[in-house]
file input-v1.txt (compact mmCIF, C-alpha atoms)
# COMPACT_ATOMS: atom_id res chain seq x y z
CA MET A 1 -53.27 80.20 -60.71
CA LYS A 2 -54.77 77.39 -62.77
CA ILE A 3 -58.29 78.41 -63.78
CA LEU A 4 -61.02 76.31 -65.37
CA VAL A 5 -64.00 77.98 -67.01
CA VAL A 6 -67.02 75.68 -66.78
CA VAL A 7 -69.64 76.34 -69.46
CA PRO A 8 -72.86 74.38 -68.87
CA ALA A 9 -74.74 74.14 -72.15
CA TYR A 10 -78.25 72.86 -72.76
CA ASN A 11 -79.47 73.40 -76.32
CA GLU A 12 -77.12 76.32 -76.97
CA GLU A 13 -76.31 75.65 -80.65
CA GLN A 14 -76.92 79.28 -81.59
CA ALA A 15 -74.43 81.03 -79.35
CA LEU A 16 -72.00 78.38 -78.09
CA ALA A 17 -69.37 78.58 -80.86
CA ASP A 18 -69.16 82.39 -80.65
CA THR A 19 -69.06 82.33 -76.85
CA ILE A 20 -66.13 79.89 -76.80
CA HIS A 21 -64.34 81.74 -79.60
CA GLU A 22 -64.56 84.98 -77.63
CA LEU A 23 -63.44 83.21 -74.46
CA THR A 24 -60.36 81.63 -76.02
CA SER A 25 -59.29 84.77 -77.86
CA SER A 26 -59.85 86.97 -74.81
CA CYS A 27 -58.19 84.60 -72.29
CA PRO A 28 -55.85 82.30 -74.24
CA ASP A 29 -54.11 80.95 -71.10
CA ILE A 30 -57.29 79.82 -69.40
CA ASP A 31 -58.73 76.32 -69.82
CA TYR A 32 -62.41 75.75 -70.38
CA LEU A 33 -64.80 72.79 -70.26
CA ILE A 34 -68.18 72.72 -71.95
CA VAL A 35 -70.63 70.46 -70.14
CA ASN A 36 -73.17 69.45 -72.79
CA ASP A 37 -76.14 68.69 -70.57
CA GLY A 38 -77.99 66.14 -72.72
CA SER A 39 -78.80 68.70 -75.43
CA THR A 40 -81.27 67.59 -78.09
CA ASP A 41 -80.09 70.14 -80.67
CA ARG A 42 -76.70 70.35 -82.42
CA THR A 43 -74.74 71.51 -79.34
CA GLY A 44 -72.83 68.20 -79.12
CA ASP A 45 -72.12 68.10 -82.86
CA ILE A 46 -70.76 71.65 -82.78
CA CYS A 47 -68.38 70.68 -79.96
CA ASP A 48 -67.14 67.69 -81.97
CA GLU A 49 -66.80 69.56 -85.25
CA LEU A 50 -64.88 72.50 -83.79
CA HIS A 51 -62.87 70.20 -81.45
CA LEU A 52 -63.97 72.15 -78.39
CA CYS A 53 -63.03 70.74 -74.99
CA HIS A 54 -66.25 69.17 -73.76
CA VAL A 55 -67.99 66.34 -71.94
CA ASP A 56 -71.42 65.01 -72.90
CA LEU A 57 -73.88 64.07 -70.19
CA PRO A 58 -76.01 61.29 -71.68
CA ILE A 59 -79.26 62.71 -70.28
CA ASN A 60 -80.40 66.20 -69.27
CA CYS A 61 -79.58 66.66 -65.59
CA GLY A 62 -80.06 70.39 -65.06
CA LEU A 63 -77.74 73.33 -64.39
CA ALA A 64 -76.63 72.17 -60.93
CA SER A 65 -75.48 68.80 -62.22
CA GLY A 66 -73.70 70.45 -65.14
CA VAL A 67 -71.75 72.74 -62.84
CA ARG A 68 -71.00 69.83 -60.54
CA THR A 69 -69.55 67.84 -63.44
CA GLY A 70 -67.21 70.78 -64.03
CA MET A 71 -66.25 70.89 -60.36
CA LYS A 72 -65.38 67.18 -60.38
CA TYR A 73 -63.30 67.67 -63.52
CA ALA A 74 -61.50 70.59 -61.84
CA MET A 75 -60.76 68.50 -58.75
CA ARG A 76 -59.39 65.57 -60.75
CA ASN A 77 -57.16 67.84 -62.78
CA GLY A 78 -55.88 70.04 -59.96
CA TYR A 79 -57.39 73.41 -60.85
CA ASP A 80 -57.17 76.27 -58.30
CA ALA A 81 -60.31 78.06 -59.36
CA VAL A 82 -63.48 77.42 -61.34
CA VAL A 83 -65.48 80.09 -63.12
CA GLN A 84 -69.12 79.42 -63.88
CA PHE A 85 -69.76 80.92 -67.29
CA ASP A 86 -72.94 81.10 -69.36
CA ALA A 87 -72.94 79.54 -72.82
CA ASP A 88 -75.42 82.03 -74.24
CA GLY A 89 -72.94 84.90 -74.56
CA GLN A 90 -74.28 86.97 -71.65
CA HIS A 91 -70.97 86.98 -69.81
CA VAL A 92 -67.94 89.00 -70.89
CA PRO A 93 -64.76 86.88 -70.59
CA SER A 94 -62.43 89.82 -69.98
CA TYR A 95 -63.70 89.93 -66.38
CA ILE A 96 -62.20 86.52 -65.61
CA PRO A 97 -58.56 87.67 -65.11
CA GLU A 98 -59.93 90.50 -62.98
CA MET A 99 -61.78 88.00 -60.79
CA ALA A 100 -58.63 85.89 -60.49
CA ARG A 101 -56.62 88.93 -59.39
CA LYS A 102 -59.26 89.76 -56.80
CA MET A 103 -59.18 86.19 -55.50
CA GLU A 104 -55.40 86.20 -55.20
CA GLU A 105 -55.32 89.61 -53.52
CA THR A 106 -58.03 88.94 -50.96
CA GLY A 107 -57.69 85.17 -50.57
CA CYS A 108 -61.46 84.83 -50.51
CA ASP A 109 -63.27 81.64 -51.45
CA ILE A 110 -65.82 83.04 -53.90
CA VAL A 111 -65.65 86.06 -56.21
CA LEU A 112 -69.07 87.18 -57.41
CA GLY A 113 -69.79 89.35 -60.38
CA SER A 114 -72.19 92.12 -59.47
CA ARG A 115 -74.26 94.00 -62.04
CA TYR A 116 -75.52 96.14 -59.19
CA LEU A 117 -72.07 97.47 -58.25
CA ALA A 118 -71.57 98.52 -61.86
CA GLY A 119 -74.76 100.59 -61.66
CA GLY A 120 -76.87 98.13 -63.64
CA LYS A 121 -80.14 96.66 -62.45
CA ALA A 122 -82.27 93.75 -63.46
CA MET A 123 -85.73 94.93 -64.45
CA GLY A 124 -89.11 94.56 -62.69
CA MET A 125 -89.96 91.23 -61.06
CA ARG A 126 -86.48 89.90 -61.49
CA ASN A 127 -84.96 92.82 -59.65
CA MET A 128 -87.53 92.49 -56.86
CA GLY A 129 -86.77 88.78 -56.43
CA SER A 130 -83.08 89.56 -56.36
CA ARG A 131 -83.53 92.25 -53.70
CA ILE A 132 -85.64 89.95 -51.50
CA ILE A 133 -82.99 87.22 -51.68
CA ALA A 134 -80.21 89.74 -50.96
CA GLY A 135 -82.15 90.94 -47.90
CA LEU A 136 -82.63 87.40 -46.62
CA ILE A 137 -78.95 86.56 -47.10
CA ARG A 138 -77.99 89.72 -45.20
CA ALA A 139 -80.34 88.80 -42.35
CA ALA A 140 -79.12 85.21 -42.21
CA THR A 141 -75.37 85.75 -42.58
CA ARG A 142 -74.76 89.46 -41.84
CA THR A 143 -72.96 89.60 -45.18
CA THR A 144 -73.99 91.91 -47.97
CA VAL A 145 -74.27 90.30 -51.38
CA THR A 146 -75.36 93.01 -53.77
CA ASP A 147 -76.27 90.73 -56.69
CA PRO A 148 -76.98 87.19 -55.47
CA THR A 149 -78.58 85.99 -58.72
CA CYS A 150 -75.69 86.93 -61.01
CA GLY A 151 -74.42 83.84 -62.84
CA LEU A 152 -70.76 84.85 -63.25
CA ARG A 153 -68.88 83.47 -60.24
CA MET A 154 -65.39 82.24 -59.43
CA TYR A 155 -64.93 79.50 -56.84
CA GLY A 156 -61.68 78.73 -55.01
CA PRO A 157 -60.23 75.29 -54.14
CA LYS A 158 -62.25 74.77 -50.95
CA MET A 159 -65.50 75.55 -52.77
CA ILE A 160 -64.57 73.26 -55.67
CA GLU A 161 -64.33 70.39 -53.21
CA THR A 162 -67.60 71.37 -51.50
CA PHE A 163 -69.44 71.44 -54.81
CA ALA A 164 -67.88 68.21 -56.07
CA LYS A 165 -68.61 66.21 -52.93
CA GLY A 166 -71.61 67.94 -51.29
CA PHE A 167 -75.25 66.89 -51.25
CA ASP A 168 -77.81 69.27 -52.78
CA ILE A 169 -75.26 72.04 -53.34
CA GLU A 170 -76.69 73.98 -56.26
CA PRO A 171 -75.06 77.04 -57.79
CA GLU A 172 -77.96 79.17 -56.48
CA PRO A 173 -78.29 82.07 -54.01
CA ASP A 174 -79.42 79.89 -51.10
CA THR A 175 -76.26 77.80 -51.43
CA LEU A 176 -74.31 81.05 -51.29
CA ALA A 177 -75.93 81.79 -47.93
CA LEU A 178 -75.13 78.28 -46.70
CA LEU A 179 -71.48 78.51 -47.80
CA ILE A 180 -71.04 81.90 -46.14
CA ARG A 181 -72.57 80.53 -42.96
CA ASN A 182 -70.15 77.62 -43.06
CA GLY A 183 -67.23 80.04 -43.18
CA ALA A 184 -66.69 80.79 -46.86
CA THR A 185 -65.52 84.33 -47.59
CA ILE A 186 -66.83 86.26 -50.57
CA CYS A 187 -65.98 89.42 -52.45
CA GLU A 188 -67.54 91.11 -55.43
CA ILE A 189 -66.38 92.91 -58.54
CA PRO A 190 -68.57 95.17 -60.66
CA ILE A 191 -69.46 93.64 -64.02
CA THR A 192 -71.88 94.28 -66.85
CA VAL A 193 -73.64 91.54 -68.79
CA ARG A 194 -75.03 91.51 -72.31
CA GLU A 195 -78.36 90.39 -73.66
CA ARG A 196 -78.37 86.64 -74.28
CA GLN A 197 -77.19 85.93 -77.84
CA GLY A 198 -79.51 82.99 -78.49
CA GLY A 199 -81.16 79.92 -76.98
CA GLU A 200 -83.67 79.84 -74.17
CA SER A 201 -83.20 80.80 -70.53
CA TYR A 202 -83.25 78.24 -67.75
CA LEU A 203 -85.57 80.65 -65.93
CA LYS A 204 -89.13 80.64 -67.30
CA PRO A 205 -92.02 82.16 -65.30
CA LEU A 206 -93.17 78.96 -63.56
CA ARG A 207 -89.62 77.97 -62.87
CA ALA A 208 -88.92 81.47 -61.59
CA ALA A 209 -91.71 81.09 -59.01
CA ARG A 210 -90.27 77.75 -57.93
CA TYR A 211 -86.80 79.29 -57.83
CA MET A 212 -88.05 82.01 -55.47
CA LEU A 213 -89.90 79.49 -53.28
CA ARG A 214 -86.79 77.34 -53.06
CA SER A 215 -84.47 80.25 -52.33
CA VAL A 216 -86.69 81.80 -49.69
CA SER A 217 -87.67 78.62 -47.85
CA SER A 218 -84.15 77.30 -48.06
CA ILE A 219 -82.63 80.43 -46.54
CA VAL A 220 -85.37 80.95 -43.96
CA LEU A 221 -86.06 77.35 -42.90
CA PHE A 222 -83.11 75.17 -43.62
CA LEU A 223 -80.08 77.37 -43.25
CA TRP A 224 -79.72 76.74 -39.55
CA PHE A 225 -80.30 73.02 -39.84
CA ARG A 226 -78.24 71.99 -42.85
CA MET B 1 -114.65 73.10 -35.67
CA PRO B 2 -113.92 72.38 -32.02
CA LEU B 3 -110.76 73.83 -30.50
CA SER B 4 -109.31 70.34 -30.03
CA GLN B 5 -109.46 69.74 -33.81
CA GLN B 6 -107.86 73.12 -34.49
CA LEU B 7 -105.02 72.25 -32.15
CA LEU B 8 -104.68 68.84 -33.82
CA LEU B 9 -104.23 70.53 -37.21
CA LEU B 10 -101.62 72.90 -35.79
CA GLY B 11 -99.84 70.03 -34.03
CA GLY B 12 -99.84 68.02 -37.27
CA ALA B 13 -98.35 70.93 -39.16
CA ILE B 14 -95.56 71.33 -36.61
CA VAL B 15 -94.76 67.60 -36.72
CA ILE B 16 -94.54 67.75 -40.55
CA LEU B 17 -92.18 70.73 -40.34
CA ILE B 18 -89.92 68.97 -37.82
CA VAL B 19 -89.83 65.75 -39.87
CA VAL B 20 -89.05 67.62 -43.11
CA VAL B 21 -86.34 69.84 -41.61
CA HIS B 22 -84.77 66.78 -39.97
CA ALA B 23 -84.82 64.88 -43.29
CA VAL B 24 -83.14 67.82 -45.06
CA HIS B 25 -80.54 67.98 -42.31
CA LYS B 26 -79.86 64.24 -42.54
CA ARG B 27 -79.60 64.54 -46.34
CA HIS B 28 -82.48 62.15 -46.93
CA ILE B 29 -84.35 64.59 -49.15
CA LEU B 30 -83.50 67.34 -51.62
CA ILE B 31 -84.71 70.85 -50.81
CA ASP B 32 -86.62 70.92 -54.09
CA ASP B 33 -88.56 67.82 -53.05
CA SER B 34 -89.24 69.16 -49.57
CA LEU B 35 -91.15 72.17 -50.92
CA PHE B 36 -94.44 70.22 -51.28
CA TRP B 37 -94.36 69.20 -47.61
CA ILE B 38 -93.47 72.68 -46.46
CA ALA B 39 -96.42 74.05 -48.45
CA LEU B 40 -98.70 71.37 -46.96
CA ALA B 41 -97.63 72.31 -43.42
CA VAL B 42 -98.30 75.98 -44.15
CA VAL B 43 -101.81 75.13 -45.44
CA LEU B 44 -102.55 73.08 -42.31
CA VAL B 45 -101.45 75.97 -40.10
CA LEU B 46 -103.75 78.31 -42.06
CA LEU B 47 -106.70 75.92 -41.72
CA GLY B 48 -106.02 75.48 -38.00
CA ALA B 49 -105.76 79.21 -37.43
CA PHE B 50 -108.70 80.21 -39.66
CA PRO B 51 -111.27 77.36 -39.59
CA GLN B 52 -113.75 79.74 -41.27
CA ILE B 53 -112.07 78.79 -44.56
CA VAL B 54 -113.07 75.14 -43.98
CA PHE B 55 -116.61 76.09 -42.91
CA PHE B 56 -117.09 78.19 -46.02
CA PHE B 57 -116.15 75.38 -48.39
CA ALA B 58 -117.99 72.71 -46.33
CA ASN B 59 -121.18 74.78 -46.73
CA LEU B 60 -120.52 75.44 -50.36
CA PHE B 61 -120.16 71.74 -51.27
CA GLY B 62 -122.77 70.48 -48.77
CA PHE B 63 -120.52 68.53 -46.38
CA GLN B 64 -122.20 67.53 -43.08
CA SER B 65 -119.20 68.55 -41.01
CA ALA B 66 -116.06 70.58 -41.56
CA ALA B 67 -113.88 67.65 -40.50
CA ASN B 68 -115.28 65.54 -43.36
CA LEU B 69 -114.13 68.16 -45.84
CA VAL B 70 -110.64 68.14 -44.35
CA PHE B 71 -110.50 64.34 -44.68
CA ALA B 72 -111.77 64.43 -48.27
CA ALA B 73 -109.40 67.23 -49.29
CA ILE B 74 -106.34 65.57 -47.79
CA THR B 75 -107.23 62.18 -49.31
CA ALA B 76 -107.59 63.80 -52.73
CA LEU B 77 -104.32 65.68 -52.32
CA LEU B 78 -102.43 62.54 -51.33
CA LEU B 79 -103.91 60.61 -54.28
CA ILE B 80 -102.65 63.31 -56.63
CA LYS B 81 -99.26 63.29 -54.96
CA GLU B 82 -99.09 59.50 -55.19
CA PHE B 83 -99.88 59.60 -58.88
CA ARG B 84 -97.22 62.22 -59.48
CA ASN B 85 -94.74 60.08 -57.56
CA THR B 86 -95.58 57.12 -59.79
CA ALA B 87 -95.03 59.29 -62.86
CA LYS B 88 -91.74 60.50 -61.42
CA ILE B 89 -90.58 56.93 -60.72
CA SER B 90 -91.43 55.96 -64.30
CA THR B 91 -89.27 58.79 -65.62
CA LEU B 92 -86.46 57.84 -63.27
CA LYS B 93 -86.62 54.18 -64.41
CA ASP B 94 -86.32 55.32 -68.01
CA ARG B 95 -83.41 57.63 -67.17
CA VAL B 96 -81.50 54.88 -65.33
CA ASN B 97 -82.00 52.54 -68.29
CA GLN B 98 -80.80 55.24 -70.69
CA LEU B 99 -77.71 55.81 -68.56
CA ALA B 100 -76.85 52.10 -68.51
CA GLN B 101 -77.30 51.88 -72.28
CA GLU B 102 -75.23 55.01 -72.95
CA MET B 103 -72.47 53.81 -70.63
CA ALA B 104 -72.28 50.38 -72.24
CA LEU B 105 -72.14 51.91 -75.73
CA ARG B 106 -69.51 54.48 -74.77
CA LEU B 107 -67.31 51.80 -73.16
CA GLU B 108 -67.67 49.77 -76.34
CA ASP B 109 -66.63 52.84 -78.37
CA GLN B 110 -63.56 53.31 -76.19
CA GLU B 111 -62.52 49.69 -76.51
CA SER B 112 -62.91 49.61 -80.26
CA GLU B 113 -60.84 52.83 -80.48
CA LYS B 114 -58.01 51.10 -78.57
CA ASP B 115 -57.99 48.09 -80.90

call {"tool": "encode", "arguments": {"input": "input-v1.txt", "output": "structure tokens"}}
result
Amino acid sequence: MKILVVVPAYNEEQALADTIHELTSSCPDIDYLIVNDGSTDRTGDICDELHLCHVDLPINCGLASGVRTGMKYAMRNGYDAVVQFDADGQHVPSYIPEMARKMEETGCDIVLGSRYLAGGKAMGMRNMGSRIIAGLIRAATRTTVTDPTCGLRMYGPKMIETFAKGFDIEPEPDTLALLIRNGATICEIPITVRERQGGESYLKPLRAARYMLRSVSSIVLFLWFR
Amino acid sequence: MPLSQQLLLLGGAIVILIVVVHAVHKRHILIDDSLFWIALAVVLVLLGAFPQIVFFFANLFGFQSAANLVFAAITALLLIKEFRNTAKISTLKDRVNQLAQEMALRLEDQESEKD
């Protein structure tokens, strides 16, 4: 199985080098692609200096566009699976072979990491948001996703094509609901994540509110009509 | 507010919802951009269902009729939205220009590497 790890990076100069070093030493057979999403810090320079495999988007396009760039790259180069992997060092690379095994065993389209299955829990508001979204996905698709907001995911060939060619397909929980509804199969493996090792999160309070509004209205209103 | 006006507000809200959902379905609009219109429809439903809200504010600001306040509020809202759209278009223009410039320069880089 030919796996590509896509690492979207926006201003991740602090943690990127360590993250990639850990990734390549932990999974030497797996390819990776850093998508430098128009960073204004030294992210691009670090990629050049250390000769990391990367593409530079000329302007900042957001997480969805970064992931999509990776999906297009995977399609052009014939990869069987894409893992979405955070640049900030939150994700532990040793789970990737485990996800690949799970995908091969079950033949499912998406393997999700779940902090919940491993007994972990996001705290406070974040956990509440996550539970609401999980409830909505269950109601809409009759499928239980224990940790819909977890960022560590592996997508199979069909999903790679959907992401590369689709309209408004973001790597977010509401898309998960849409994909399941359109026949994608999912399974989960328990994972733990670390504290972020540097940089700033994509999810600030105002954006978090928007994120919830989008997820909820998208699942409730649009799912049946998309 | 007479019942006919209440029903008009509700009807308007439903029409907005149908138009927005249809546009999302037809891929004419991103879900992110549809959120404003969804929120507007929800507000219209609220005002149609609970006209007391309109009466309260009409009294507070000294409007002669509740309908006038609705007109004024929606006009103001659309002006704000229009301004934000203009701002958004300006940013998009700049981004397209940047993309063209970056692309031209990168192609130039590639060609000079070949030589």

call {"tool": "closest_atom_pairs", "arguments": {"input": "input-v1.txt", "of": "chain A", "to": "chain B", "cutoff": "12 Å", "atoms": "all atoms listed in the file", "output": "CSV"}}
result
residue,atom,partner,partner_atom,distance
A:Gly38,CA,B:Leu99,CA,11.1
A:Asp56,CA,B:Glu102,CA,10.7
A:Leu57,CA,B:Leu99,CA,9.2
A:Pro58,CA,B:Glu102,CA,6.5
A:Ile59,CA,B:Arg95,CA,7.3
A:Asn60,CA,B:Arg95,CA,9.3
A:Cys61,CA,B:Arg95,CA,9.9
A:Gly166,CA,B:Arg27,CA,10.0
A:Phe167,CA,B:Arg27,CA,7.0
A:Asp168,CA,B:Leu30,CA,6.1
A:Ile169,CA,B:Leu30,CA,9.6
A:Glu170,CA,B:Ile31,CA,10.2
A:Asp174,CA,B:Ile31,CA,10.5
A:Thr175,CA,B:Ile31,CA,11.0
A:Arg207,CA,B:Asp32,CA,11.7
A:Arg210,CA,B:Asp32,CA,8.6
A:Tyr211,CA,B:Asp32,CA,9.2
A:Met212,CA,B:Asp32,CA,11.3
A:Leu213,CA,B:Leu35,CA,7.8
A:Arg214,CA,B:Asp32,CA,6.5
A:Ser215,CA,B:Ile31,CA,9.5
A:Val216,CA,B:Leu35,CA,10.7
A:Ser217,CA,B:Leu35,CA,7.9
A:Ser218,CA,B:Ile31,CA,7.0
A:Ile219,CA,B:Ile31,CA,10.7
A:Val220,CA,B:Val21,CA,11.4
A:Leu221,CA,B:Val21,CA,7.6
A:Phe222,CA,B:Val21,CA,6.5
A:Leu223,CA,B:His25,CA,9.4
A:Trp224,CA,B:His25,CA,9.2
A:Phe225,CA,B:His25,CA,5.6
A:Arg226,CA,B:His25,CA,4.7

call {"tool": "closest_residue", "arguments": {"input": "input-v1.txt", "among": "A:Asp80, A:Glu188, A:Asp88, A:Asp37", "to": "Thr106 in chain A", "atoms": "only C-alpha atoms"}}
result
A:Glu188

call {"tool": "residues_around", "arguments": {"input": "input-v1.txt", "residues": "Arg153 in chain A", "least_positions_apart": "2", "cutoff": "8 Å", "atoms": "all atoms listed in the file", "output": "list in words"}}
result
Val83, Gln84, Phe85, Ile110, Val111, Leu112, Gly113, Cys150, Gly151 and Tyr155 of chain A

call {"tool": "residues_around", "arguments": {"input": "input-v1.txt", "residues": "Leu63 in chain A", "least_positions_apart": "6", "cutoff": "9 Å", "atoms": "all atoms listed in the file", "output": "NGL selection string"}}
result
:A and (8-10 or 37 or 170-171 or 202)

call {"tool": "residues_around", "arguments": {"input": "input-v1.txt", "residues": "Gly11 in chain B", "least_positions_apart": "4", "cutoff": "12 Å", "atoms": "all atoms listed in the file", "output": "PyMOL selection string"}}
result
chain B and resi 4-7+15-18+41-42+44-45+47-49

call {"tool": "atom_distance", "arguments": {"input": "input-v1.txt", "atom1": "CA of Met128 in chain A", "atom2": "CA of Tyr116 in chain A"}}
result
12.8 Å
